[in-house]
>>> print(open('work-v9.tsv').read())   # TSV, C-alpha atoms and all ligand atoms
chain	number	residue	atom	x	y	z
A	10	MET	CA	101.34	109.34	-9.02
A	11	ARG	CA	97.88	110.37	-7.89
A	12	GLN	CA	96.07	108.09	-5.47
A	13	PHE	CA	93.53	106.89	-8.03
A	14	GLU	CA	96.41	105.96	-10.37
A	15	VAL	CA	98.08	103.93	-7.63
A	16	ARG	CA	94.78	102.21	-6.83
A	17	ASN	CA	94.09	101.48	-10.47
A	18	ALA	CA	97.56	100.13	-11.11
A	19	HIS	CA	97.13	97.88	-8.06
A	20	PHE	CA	93.93	96.31	-9.43
A	21	ASP	CA	95.35	96.18	-12.94
A	22	ARG	CA	98.30	94.20	-11.61
A	23	LEU	CA	95.98	91.82	-9.80
A	24	PHE	CA	93.73	91.34	-12.84
A	25	ASN	CA	96.69	90.60	-15.03
A	26	THR	CA	98.34	88.17	-12.64
A	27	PRO	CA	98.06	84.78	-14.35
A	28	GLY	CA	96.42	82.17	-12.15
A	29	LEU	CA	95.63	84.56	-9.31
A	30	MET	CA	93.28	82.98	-6.77
A	31	TRP	CA	90.59	85.59	-6.09
A	32	LEU	CA	89.59	85.19	-2.46
A	33	GLY	CA	89.21	88.88	-1.73
A	34	GLN	CA	86.25	90.43	-3.51
A	35	ASN	CA	83.36	88.03	-2.87
A	36	THR	CA	83.23	87.33	-6.57
A	37	ASN	CA	82.10	83.91	-7.78
A	38	HIS	CA	84.72	81.88	-9.60
A	39	PHE	CA	82.89	78.60	-10.06
A	40	PRO	CA	82.67	77.67	-13.76
A	41	THR	CA	79.71	79.30	-15.51
A	42	HIS	CA	76.53	77.33	-16.06
A	43	PRO	CA	76.54	76.05	-19.68
A	44	SER	CA	73.28	77.78	-20.56
A	45	VAL	CA	74.65	81.12	-19.32
A	46	ALA	CA	77.77	80.65	-21.42
A	47	ARG	CA	75.59	79.67	-24.39
A	48	ALA	CA	73.40	82.76	-24.01
A	49	MET	CA	76.50	84.96	-24.19
A	50	ALA	CA	77.94	83.08	-27.15
A	51	ASP	CA	74.61	83.36	-28.99
A	52	CYS	CA	74.46	87.09	-28.24
A	53	ILE	CA	77.92	87.59	-29.72
A	54	ALA	CA	77.29	85.30	-32.71
A	55	GLY	CA	74.03	87.12	-33.44
A	56	GLU	CA	75.81	90.49	-33.17
A	57	GLU	CA	73.03	91.74	-30.93
A	58	PHE	CA	75.28	94.25	-29.26
A	59	HIS	CA	75.20	96.80	-32.06
A	60	ALA	CA	71.92	98.13	-30.68
A	61	TYR	CA	71.22	99.79	-27.34
A	62	ALA	CA	69.16	97.77	-24.89
A	63	PRO	CA	65.90	99.32	-23.59
A	64	PRO	CA	66.72	102.09	-21.09
A	65	ALA	CA	65.32	100.29	-18.00
A	66	GLY	CA	66.48	96.85	-19.15
A	67	PHE	CA	64.97	94.00	-21.16
A	68	GLU	CA	61.36	93.54	-20.06
A	69	ALA	CA	61.94	89.83	-19.50
A	70	LEU	CA	64.86	90.59	-17.21
A	71	ARG	CA	62.98	93.29	-15.29
A	72	HIS	CA	60.12	90.87	-14.68
A	73	GLY	CA	62.53	88.03	-13.90
A	74	ILE	CA	64.25	90.06	-11.17
A	75	VAL	CA	60.96	91.07	-9.56
A	76	ALA	CA	59.77	87.46	-9.73
A	77	ASP	CA	63.02	86.20	-8.21
A	78	LEU	CA	62.45	88.53	-5.27
A	79	GLY	CA	58.75	87.68	-5.14
A	80	LEU	CA	57.86	91.36	-4.84
A	81	ASP	CA	54.55	91.55	-6.69
A	82	GLY	CA	53.71	95.07	-7.75
A	83	ALA	CA	57.31	96.28	-7.58
A	84	SER	CA	59.22	97.59	-10.56
A	85	ALA	CA	62.85	96.98	-11.59
A	86	LEU	CA	65.38	99.26	-13.18
A	87	VAL	CA	68.30	97.26	-14.59
A	88	THR	CA	71.62	98.95	-13.79
A	89	ASP	CA	75.31	98.49	-14.54
A	90	GLY	CA	75.75	96.44	-11.38
A	91	ALA	CA	74.27	97.01	-7.93
A	92	VAL	CA	76.75	99.81	-7.44
A	93	GLU	CA	75.08	101.98	-10.05
A	94	ALA	CA	71.73	101.36	-8.38
A	95	LEU	CA	73.26	102.55	-5.10
A	96	TYR	CA	74.82	105.57	-6.75
A	97	LEU	CA	71.50	106.57	-8.23
A	98	ALA	CA	69.52	106.13	-4.99
A	99	CYS	CA	72.11	107.89	-2.83
A	100	HIS	CA	72.31	110.87	-5.17
A	101	ALA	CA	68.54	111.08	-5.57
A	102	PHE	CA	67.71	110.93	-1.86
A	103	GLY	CA	70.84	112.08	-0.03
A	104	ALA	CA	70.60	115.83	0.44
A	105	PRO	CA	72.44	118.58	2.33
A	106	GLY	CA	71.17	118.74	5.90
A	107	SER	CA	69.97	115.13	5.84
A	108	THR	CA	71.53	112.10	7.48
A	109	PHE	CA	72.42	108.75	5.94
A	110	VAL	CA	72.41	106.06	8.62
A	111	THR	CA	74.27	102.78	8.23
A	112	THR	CA	76.33	100.21	10.11
A	113	ASP	CA	80.06	100.02	10.73
A	114	PRO	CA	81.26	97.77	9.21
A	115	GLY	CA	79.31	97.79	5.99
A	116	TRP	CA	80.01	98.61	2.39
A	117	LYS	CA	81.78	101.95	2.05
A	118	TRP	CA	80.88	103.18	-1.43
A	119	PRO	CA	77.28	104.26	-0.73
A	120	MET	CA	78.66	106.40	2.10
A	121	HIS	CA	80.86	108.19	-0.42
A	122	PHE	CA	77.89	108.64	-2.77
A	123	ALA	CA	75.63	110.05	-0.06
A	124	ARG	CA	78.39	112.31	1.25
A	125	ALA	CA	78.96	113.63	-2.26
A	126	ALA	CA	75.24	114.43	-2.40
A	127	GLY	CA	75.64	116.50	0.77
A	128	ALA	CA	74.31	114.09	3.39
A	129	THR	CA	75.92	113.61	6.80
A	130	ILE	CA	76.94	110.01	7.47
A	131	VAL	CA	75.95	108.35	10.73
A	132	GLU	CA	77.63	105.00	11.32
A	133	ILE	CA	76.43	102.63	14.04
A	134	PRO	CA	79.25	100.35	15.24
A	135	ILE	CA	78.19	96.70	15.20
A	136	TYR	CA	81.57	94.97	15.31
A	137	GLY	CA	82.13	93.01	18.51
A	138	PRO	CA	80.48	90.36	20.66
A	139	GLU	CA	78.89	93.10	22.78
A	140	HIS	CA	76.72	93.87	19.74
A	141	ASP	CA	76.50	90.26	18.62
A	142	PHE	CA	78.05	91.62	15.37
A	143	ARG	CA	74.65	92.96	14.29
A	144	LEU	CA	72.43	96.02	14.34
A	145	SER	CA	69.65	96.08	16.91
A	146	PRO	CA	66.39	97.97	16.42
A	147	ALA	CA	67.08	99.98	19.60
A	148	ARG	CA	70.42	101.22	18.29
A	149	LEU	CA	68.94	102.08	14.90
A	150	GLU	CA	66.13	103.96	16.63
A	151	ALA	CA	68.67	105.97	18.63
A	152	ALA	CA	70.55	106.99	15.47
A	153	VAL	CA	67.52	107.98	13.38
A	154	ASP	CA	65.80	111.34	13.69
A	155	GLU	CA	63.73	113.69	11.58
A	156	ARG	CA	66.80	114.57	9.47
A	157	THR	CA	67.28	110.97	8.34
A	158	ARG	CA	66.58	110.58	4.65
A	159	ILE	CA	68.28	107.20	4.04
A	160	ILE	CA	68.82	104.10	6.13
A	161	TYR	CA	71.26	101.81	4.31
A	162	LEU	CA	71.38	98.19	5.42
A	163	VAL	CA	73.65	95.60	3.83
A	164	ASP	CA	71.93	92.29	4.52
A	165	PRO	CA	73.61	89.82	4.63
A	166	ASN	CA	76.26	92.19	5.90
A	167	ASN	CA	79.50	92.57	3.99
A	168	PRO	CA	81.98	91.81	5.59
A	169	LEU	CA	80.42	90.11	8.64
A	170	GLY	CA	78.05	87.65	6.99
A	171	VAL	CA	75.23	88.21	9.50
A	172	CYS	CA	71.68	88.18	8.16
A	173	TYR	CA	68.69	89.80	9.82
A	174	THR	CA	65.55	88.02	10.99
A	175	GLU	CA	62.02	88.83	9.92
A	176	ALA	CA	61.36	90.45	13.31
A	177	GLU	CA	64.44	92.65	12.99
A	178	ILE	CA	63.58	93.71	9.44
A	179	ARG	CA	60.04	94.50	10.50
A	180	ALA	CA	61.37	96.64	13.39
A	181	PHE	CA	63.89	98.44	11.14
A	182	THR	CA	61.22	99.31	8.59
A	183	ASP	CA	58.88	100.57	11.34
A	184	ILE	CA	61.65	102.96	12.36
A	185	ALA	CA	62.16	104.06	8.75
A	186	ARG	CA	58.43	104.64	8.28
A	187	ARG	CA	58.15	106.75	11.44
A	188	ALA	CA	61.06	108.89	10.21
A	189	GLY	CA	59.76	109.03	6.62
A	190	ALA	CA	63.17	107.72	5.50
A	191	TYR	CA	64.04	105.67	2.45
A	192	PHE	CA	65.21	102.18	3.39
A	193	ILE	CA	67.94	101.02	1.01
A	194	HIS	CA	68.10	97.27	1.49
A	195	ASP	CA	71.26	96.02	-0.15
A	196	CYS	CA	70.51	92.39	-0.91
A	197	THR	CA	73.62	91.71	-2.98
A	198	TYR	CA	74.36	88.55	-0.90
A	199	ARG	CA	70.78	87.43	-0.29
A	200	HIS	CA	71.04	84.24	-2.32
A	201	PHE	CA	73.67	82.76	0.01
A	202	ALA	CA	71.55	83.06	3.17
A	203	ASP	CA	69.62	80.17	4.72
A	204	SER	CA	66.65	82.49	4.84
A	205	HIS	CA	66.22	86.16	4.06
A	206	THR	CA	63.45	88.69	4.61
A	207	LEU	CA	62.87	91.56	2.22
A	208	ALA	CA	62.22	94.93	3.84
A	209	ALA	CA	60.02	95.79	0.86
A	210	THR	CA	57.47	93.29	2.16
A	211	PHE	CA	56.81	95.54	5.16
A	212	TYR	CA	57.60	98.97	3.75
A	213	PRO	CA	56.95	98.83	0.00
A	214	GLU	CA	56.36	102.55	-0.37
A	215	ARG	CA	59.92	103.64	0.47
A	216	THR	CA	62.12	100.56	0.34
A	217	ILE	CA	64.70	100.38	-2.40
A	218	THR	CA	65.93	96.82	-2.88
A	219	ILE	CA	69.37	96.50	-4.40
A	220	TYR	CA	69.97	93.43	-6.55
A	221	SER	CA	73.20	92.05	-8.01
A	222	PHE	CA	74.16	89.32	-10.47
A	223	SER	CA	77.84	89.61	-9.56
A	224	LYS	CA	77.91	87.22	-6.64
A	225	TRP	CA	75.30	84.49	-6.95
A	226	LEU	CA	75.67	84.15	-10.73
A	227	GLY	CA	79.31	85.14	-11.03
A	228	LEU	CA	78.89	88.05	-13.46
A	229	ALA	CA	80.95	90.69	-11.61
A	230	GLY	CA	82.99	91.66	-14.65
A	231	LEU	CA	79.86	91.95	-16.80
A	232	ARG	CA	78.31	94.68	-14.61
A	233	VAL	CA	74.64	93.93	-14.27
A	234	GLY	CA	72.29	94.44	-11.33
A	235	ALA	CA	69.10	96.27	-10.51
A	236	LEU	CA	67.22	98.65	-8.30
A	237	VAL	CA	63.75	97.42	-7.34
A	238	ALA	CA	61.15	99.72	-5.81
A	239	SER	CA	57.62	101.00	-6.21
A	240	PRO	CA	56.72	102.13	-9.75
A	241	GLU	CA	56.52	105.71	-8.40
A	242	ILE	CA	60.11	105.62	-7.16
A	243	ILE	CA	61.34	104.00	-10.37
A	244	GLU	CA	59.53	106.65	-12.39
A	245	GLN	CA	61.43	109.30	-10.46
A	246	LEU	CA	64.82	107.58	-10.70
A	247	ALA	CA	64.46	106.58	-14.36
A	248	ALA	CA	64.13	110.24	-15.31
A	249	ALA	CA	67.85	110.98	-15.00
A	250	PRO	CA	69.93	107.83	-14.44
A	251	PRO	CA	73.70	107.77	-15.06
A	252	ASN	CA	73.18	105.38	-17.97
A	253	ASN	CA	70.03	106.04	-19.96
A	254	LEU	CA	71.10	103.95	-22.94
A	255	GLY	CA	70.43	100.53	-21.47
A	256	SER	CA	72.78	98.16	-19.67
A	257	ASN	CA	75.15	95.85	-21.47
A	258	VAL	CA	73.22	93.57	-23.84
A	259	LEU	CA	75.54	90.59	-23.37
A	260	SER	CA	75.31	90.88	-19.58
A	261	GLN	CA	71.55	91.04	-19.64
A	262	ARG	CA	71.34	87.93	-21.81
A	263	ALA	CA	73.61	86.12	-19.32
A	264	ALA	CA	71.52	87.32	-16.38
A	265	LEU	CA	68.30	86.12	-18.00
A	266	ALA	CA	69.79	82.70	-18.68
A	267	GLY	CA	71.00	82.59	-15.07
A	268	LEU	CA	67.55	83.27	-13.66
A	269	ALA	CA	66.20	80.39	-15.74
A	270	VAL	CA	68.63	77.92	-14.11
A	271	LYS	CA	68.85	79.48	-10.67
A	272	ASP	CA	66.95	76.72	-8.86
A	273	GLU	CA	69.41	74.15	-10.14
A	274	TRP	CA	72.49	76.38	-9.80
A	275	MET	CA	72.24	77.90	-6.34
A	276	PRO	CA	71.91	74.80	-4.11
A	277	GLU	CA	75.13	73.44	-5.57
A	278	ILE	CA	76.93	76.79	-5.33
A	279	ASN	CA	75.88	77.10	-1.72
A	280	ARG	CA	76.89	73.54	-0.90
A	281	ARG	CA	80.33	74.17	-2.34
A	282	GLN	CA	80.89	77.56	-0.75
A	283	ARG	CA	79.73	76.28	2.67
A	284	ARG	CA	82.18	73.41	2.24
A	285	ASN	CA	84.89	76.01	1.69
A	286	GLN	CA	83.71	77.94	4.75
A	287	ALA	CA	84.06	74.75	6.81
A	288	ALA	CA	87.58	74.10	5.50
A	289	ILE	CA	88.69	77.65	6.30
A	290	HIS	CA	87.04	77.49	9.72
A	291	ALA	CA	88.95	74.32	10.54
A	292	ALA	CA	92.27	75.74	9.32
A	293	VAL	CA	91.86	79.00	11.25
A	294	ALA	CA	91.14	77.03	14.46
A	295	THR	CA	94.67	75.62	14.35
A	296	VAL	CA	96.34	79.06	14.51
A	297	PRO	CA	96.67	80.43	18.05
A	298	GLY	CA	94.90	83.78	18.36
A	299	MET	CA	93.03	83.53	15.07
A	300	THR	CA	89.25	83.30	15.11
A	301	ILE	CA	86.15	83.51	12.90
A	302	PRO	CA	83.62	85.61	14.79
A	303	VAL	CA	80.59	84.82	12.60
A	304	TYR	CA	80.20	81.23	11.46
A	305	PRO	CA	78.68	80.00	9.29
A	306	SER	CA	78.50	83.18	7.27
A	307	GLN	CA	75.20	83.83	5.53
A	308	ALA	CA	77.15	85.25	2.61
A	309	ASN	CA	80.01	83.98	0.46
A	310	PHE	CA	82.90	85.12	2.67
A	311	LEU	CA	84.28	84.92	6.18
A	312	VAL	CA	85.81	87.47	8.51
A	313	VAL	CA	89.02	86.07	9.99
A	314	GLU	CA	90.29	87.93	13.05
A	315	CYS	CA	94.08	88.05	13.17
A	316	ILE	CA	94.77	90.76	15.74
A	317	ASP	CA	95.28	88.32	18.62
A	318	ALA	CA	97.64	86.27	16.47
A	319	GLY	CA	99.94	89.28	16.57
A	320	ILE	CA	99.89	90.07	12.85
A	321	THR	CA	98.37	92.88	10.86
A	322	PRO	CA	95.76	92.24	8.16
A	323	GLU	CA	97.90	94.13	5.64
A	324	ALA	CA	100.92	91.92	6.30
A	325	LEU	CA	98.83	88.78	5.93
A	326	CYS	CA	97.31	90.06	2.67
A	327	GLU	CA	100.76	90.88	1.36
A	328	ALA	CA	102.11	87.44	2.29
A	329	TYR	CA	99.23	85.74	0.47
A	330	ARG	CA	99.47	88.09	-2.50
A	331	ALA	CA	103.10	87.14	-3.00
A	332	SER	CA	101.91	83.56	-3.04
A	333	GLY	CA	99.23	84.16	-5.72
A	334	ILE	CA	96.20	84.45	-3.42
A	335	MET	CA	94.21	87.66	-2.97
A	336	ILE	CA	92.42	88.20	0.35
A	337	ARG	CA	91.06	91.52	1.66
A	338	GLN	CA	92.27	93.68	4.55
A	339	GLY	CA	89.57	94.83	6.98
A	340	THR	CA	90.34	98.52	6.50
A	341	TYR	CA	88.69	98.32	3.07
A	342	HIS	CA	85.45	98.12	5.03
A	343	THR	CA	86.08	100.02	8.24
A	344	PRO	CA	88.80	102.31	9.60
A	345	ALA	CA	87.50	101.68	13.14
A	346	PHE	CA	87.69	97.87	13.16
A	347	GLY	CA	89.67	97.03	10.04
A	348	HIS	CA	92.93	96.49	11.92
A	349	ARG	CA	91.41	93.38	13.49
A	350	PHE	CA	90.59	91.18	10.49
A	351	VAL	CA	90.94	89.98	6.93
A	352	LYS	CA	88.09	88.77	4.73
A	353	VAL	CA	88.22	85.58	2.72
A	354	SER	CA	85.75	84.78	-0.09
A	355	THR	CA	84.32	81.29	-0.48
A	356	THR	CA	82.65	81.09	-3.92
A	357	VAL	CA	85.87	79.74	-5.32
A	358	PRO	CA	87.02	76.34	-6.58
A	359	GLU	CA	87.73	74.00	-3.66
A	360	GLY	CA	91.39	73.90	-4.70
A	361	TRP	CA	91.71	77.64	-4.04
A	362	ALA	CA	90.14	77.43	-0.59
A	363	ASP	CA	92.34	74.44	0.22
A	364	ALA	CA	95.42	76.33	-0.94
A	365	PHE	CA	94.50	79.17	1.42
A	366	CYS	CA	94.13	76.65	4.26
A	367	ALA	CA	97.31	74.71	3.52
A	368	GLU	CA	99.40	77.87	3.41
A	369	LEU	CA	97.88	79.55	6.44
A	370	PRO	CA	100.47	78.57	9.11
A	371	GLN	CA	103.32	79.53	6.80
A	372	MET	CA	101.63	82.81	5.79
A	373	VAL	CA	101.12	83.78	9.42
A	374	GLU	CA	104.83	83.26	10.05
A	375	ARG	CA	105.75	85.20	6.92
A	376	ALA	CA	103.40	88.04	7.88
A	377	ARG	CA	105.28	88.47	11.17
A	378	GLY	CA	108.28	89.56	9.15
A	379	ILE	CA	106.40	92.04	6.96
A	380	THR	CA	106.52	95.42	8.65
A	381	ALA	CA	105.93	97.76	5.73
A	382	PRO	CA	103.45	96.23	3.27
A	383	GLY	CA	102.66	98.31	0.18
A	384	PRO	CA	99.42	100.25	-0.14
A	385	LEU	CA	96.26	98.15	-0.33
A	386	PHE	CA	92.81	99.24	-1.46
A	401	LIG	C1	77.21	95.22	-0.28
A	401	LIG	C2	77.55	95.37	-1.71
A	401	LIG	N1	76.72	96.02	-2.52
A	401	LIG	C3	76.99	96.17	-3.83
A	401	LIG	C4	78.15	95.65	-4.38
A	401	LIG	C5	78.42	95.85	-5.83
A	401	LIG	O1	77.75	94.89	-6.59
A	401	LIG	P1	77.82	94.94	-8.19
A	401	LIG	O2	78.99	94.14	-8.61
A	401	LIG	O3	76.51	94.31	-8.61
A	401	LIG	O4	77.91	96.35	-8.60
A	401	LIG	C6	79.05	94.98	-3.56
A	401	LIG	C7	80.30	94.45	-4.13
A	401	LIG	O5	81.15	93.93	-3.48
A	401	LIG	C8	78.74	94.83	-2.20
A	401	LIG	O6	79.55	94.18	-1.37
>>> encode(input="work-v9.tsv", output="structure tokens")
Amino acid sequence: MRQFEVRNAHFDRLFNTPGLMWLGQNTNHFPTHPSVARAMADCIAGEEFHAYAPPAGFEALRHGIVADLGLDGASALVTDGAVEALYLACHAFGAPGSTFVTTDPGWKWPMHFARAAGATIVEIPIYGPEHDFRLSPARLEAAVDERTRIIYLVDPNNPLGVCYTEAEIRAFTDIARRAGAYFIHDCTYRHFADSHTLAATFYPERTITIYSFSKWLGLAGLRVGALVASPEIIEQLAAAPPNNLGSNVLSQRAALAGLAVKDEWMPEINRRQRRNQAAIHAAVATVPGMTIPVYPSQANFLVVECIDAGITPEALCEAYRASGIMIRQGTYHTPAFGHRFVKVSTTVPEGWADAFCAELPQMVERARGITAPGPLF
């Protein structure tokens, strides 16, 4: 079987595992807000989906996304998830001979997109206490030169959960401006942070803000997100997007309903996911050698270091998988540091987080006996 077939079969198996506890993909498994569920039911009952949505998204949704970000004067292009927004930006601005600068760890797919467009990838290692698990302006400055076309910052960082300060964002955008580079600010996890600064505030002319409904609203399987930038940039990108026939109508209706209840929804979601973070933090502290390097996480997941506990991330993932719990191996994010950690998502029912915690000592012991886990993706 080809690699993509093996990968697909792996995720198909997971998706079709009854009762699987999804603690591996930062998805949000809290029950849907009733008005979001109602908006979808109404959309289906009204058979709205026979028509294509407007190519850049429903106007109300485009305006709602810009308003949620508070970026007056910016324009939104609704996409089939944040990932399509990233694909579009990386292909539009990544070019042969240019560099694409990002952190290690970070989210790997945009690197693949930029590489496919011909760009050379420059990764700045940020894993480790010597870096405080974050990018510094000085290290970004050292990596950026006149060839740099794209700086890609995941903020809050996936998988680390660090979030950058206003001063850091200001410094990063100054560097981007001096280089004339596009600043792709991936804000997929923004709504989980105690506070968050948008790069577009300081560098509106070339910042591309990436927006997702997958995580804060729990619509991952519905595929809806957005790319927000100056009207000039949107004009350029809207000329040849991968999907010019409008994003999923049902998903957009759900997203609109979500924005309308966001102020009521998010405080409770964050209270619950921070409660889960605390439970996992306490459980990890009881296992010799296991640690959580960034706590609390400003996103909806935690990195759990297992290397000093003498087990591999893959073995621990396999032990949990056999017990109906999906967690993610670090190598999904980073070949350089991935052997050190697993990632555990926290926007899940408390019972799932507690099951992870209760089983942890036993899973660590079981992982010691797993020497050849199957392929993970
Ligand atoms: C940093 C980052 N950006 C984008 C995405 C994709 O988001 P979406 O589901 O909206 O395509 C993810 C998904 O895990 C992510 O971690």
>>> closest_residue(input="work-v9.tsv", among="A:Thr380, A:Ser332, A:Tyr220, A:Pro165", to="Ser306 of chain A", atoms="only C-alpha atoms")
A:Pro165
>>> residues_around(input="work-v9.tsv", residues="segment 185-202 of chain A", least_positions_apart="2", cutoff="6 Å", atoms="only C-alpha atoms", output="list of chain:residue names")
A:Glu155, A:Thr157, A:Arg158, A:Ile159, A:Ile160, A:Tyr161, A:Leu162, A:Val163, A:Asp164, A:Pro165, A:Thr182, A:Asp183, A:Ser204, A:Arg215, A:Thr216, A:Ile217, A:Thr218, A:Ile219, A:Tyr220, A:Ser221, A:Gln307, A:Ala308
>>> residues_around(input="work-v9.tsv", residues="segment 334-337 of chain A", least_positions_apart="6", cutoff="6 Å", atoms="only C-alpha atoms", output="JSON list (two decimals) with C-alpha atoms, keeping the file's coordinate frame")
[["chain", "number", "residue", "atom", "x", "y", "z"],
["A", 29, "LEU", "CA", 95.63, 84.56, -9.31],
["A", 30, "MET", "CA", 93.28, 82.98, -6.77],
["A", 31, "TRP", "CA", 90.59, 85.59, -6.09],
["A", 32, "LEU", "CA", 89.59, 85.19, -2.46],
["A", 33, "GLY", "CA", 89.21, 88.88, -1.73],
["A", 326, "CYS", "CA", 97.31, 90.06, 2.67],
["A", 351, "VAL", "CA", 90.94, 89.98, 6.93],
["A", 352, "LYS", "CA", 88.09, 88.77, 4.73],
["A", 353, "VAL", "CA", 88.22, 85.58, 2.72]]
>>> residues_near_ligand(input="work-v9.tsv", ligand="ligand LIG 401 (chain A)", cutoff="9 Å", atoms="all atoms listed in the file", output="MDAnalysis selection string")
chainID A and resid 34:36 88:95 115:119 162:168 195:198 219:224 228:235
>>> atom_distance(input="work-v9.tsv", atom1="atom CA of Arg143 of chain A", atom2="atom CA of Ser107 of chain A")
24.2 Å
>>> atom_distance(input="work-v9.tsv", atom1="atom CA of Thr111 of chain A", atom2="atom CA of Glu132 of chain A")
5.1 Å
>>> atom_distance(input="work-v9.tsv", atom1="atom CA of Ile178 of chain A", atom2="atom CA of Thr206 of chain A")
7.0 Å
>>> residues_around(input="work-v9.tsv", residues="Pro138 of chain A", least_positions_apart="3", cutoff="10 Å", atoms="only C-alpha atoms", output="list in words")
Ile135, Asp141, Phe142, Arg143, Pro302 and Val303 of chain A
>>> residues_around(input="work-v9.tsv", residues="Ala318 of chain A", least_positions_apart="3", cutoff="7 Å", atoms="only C-alpha atoms", output="PDB file with C-alpha atoms, keeping the file's coordinate frame")
ATOM      1  CA  PRO A 297      96.670  80.430  18.050  1.00  0.00           C
ATOM      2  CA  GLY A 298      94.900  83.780  18.360  1.00  0.00           C
ATOM      3  CA  MET A 299      93.030  83.530  15.070  1.00  0.00           C
ATOM      4  CA  CYS A 315      94.080  88.050  13.170  1.00  0.00           C
TER       5      CYS A 315
END
>>> residues_around(input="work-v9.tsv", residues="Ala324 of chain A", least_positions_apart="6", cutoff="6 Å", atoms="only C-alpha atoms", output="VMD selection string")
chain A and resid 376 379 382
>>> residues_near_point(input="work-v9.tsv", point="(66.2, 99.9, -23.0)", cutoff="8 Å", atoms="all atoms listed in the file", output="list in words")
Tyr61, Ala62, Pro63, Pro64, Ala65, Gly66, Phe67, Asn253, Leu254, Gly255 and Ser256 of chain A
>>> residues_near_point(input="work-v9.tsv", point="(91.4, 100.0, 9.0)", cutoff="12 Å", atoms="only C-alpha atoms", output="CSV table (one decimal) with C-alpha atoms, in the frame of the given file")
chain,number,residue,atom,x,y,z
A,113,ASP,CA,80.1,100.0,10.7
A,114,PRO,CA,81.3,97.8,9.2
A,316,ILE,CA,94.8,90.8,15.7
A,321,THR,CA,98.4,92.9,10.9
A,322,PRO,CA,95.8,92.2,8.2
A,323,GLU,CA,97.9,94.1,5.6
A,337,ARG,CA,91.1,91.5,1.7
A,338,GLN,CA,92.3,93.7,4.6
A,339,GLY,CA,89.6,94.8,7.0
A,340,THR,CA,90.3,98.5,6.5
A,341,TYR,CA,88.7,98.3,3.1
A,342,HIS,CA,85.4,98.1,5.0
A,343,THR,CA,86.1,100.0,8.2
A,344,PRO,CA,88.8,102.3,9.6
A,345,ALA,CA,87.5,101.7,13.1
A,346,PHE,CA,87.7,97.9,13.2
A,347,GLY,CA,89.7,97.0,10.0
A,348,HIS,CA,92.9,96.5,11.9
A,349,ARG,CA,91.4,93.4,13.5
A,350,PHE,CA,90.6,91.2,10.5
A,351,VAL,CA,90.9,90.0,6.9
A,385,LEU,CA,96.3,98.2,-0.3
A,386,PHE,CA,92.8,99.2,-1.5
>>> closest_residue(input="work-v9.tsv", among="A:Cys366, A:Ala288, A:Leu80, A:Ala69", to="Ala208 of chain A", atoms="all atoms listed in the file")
A:Leu80
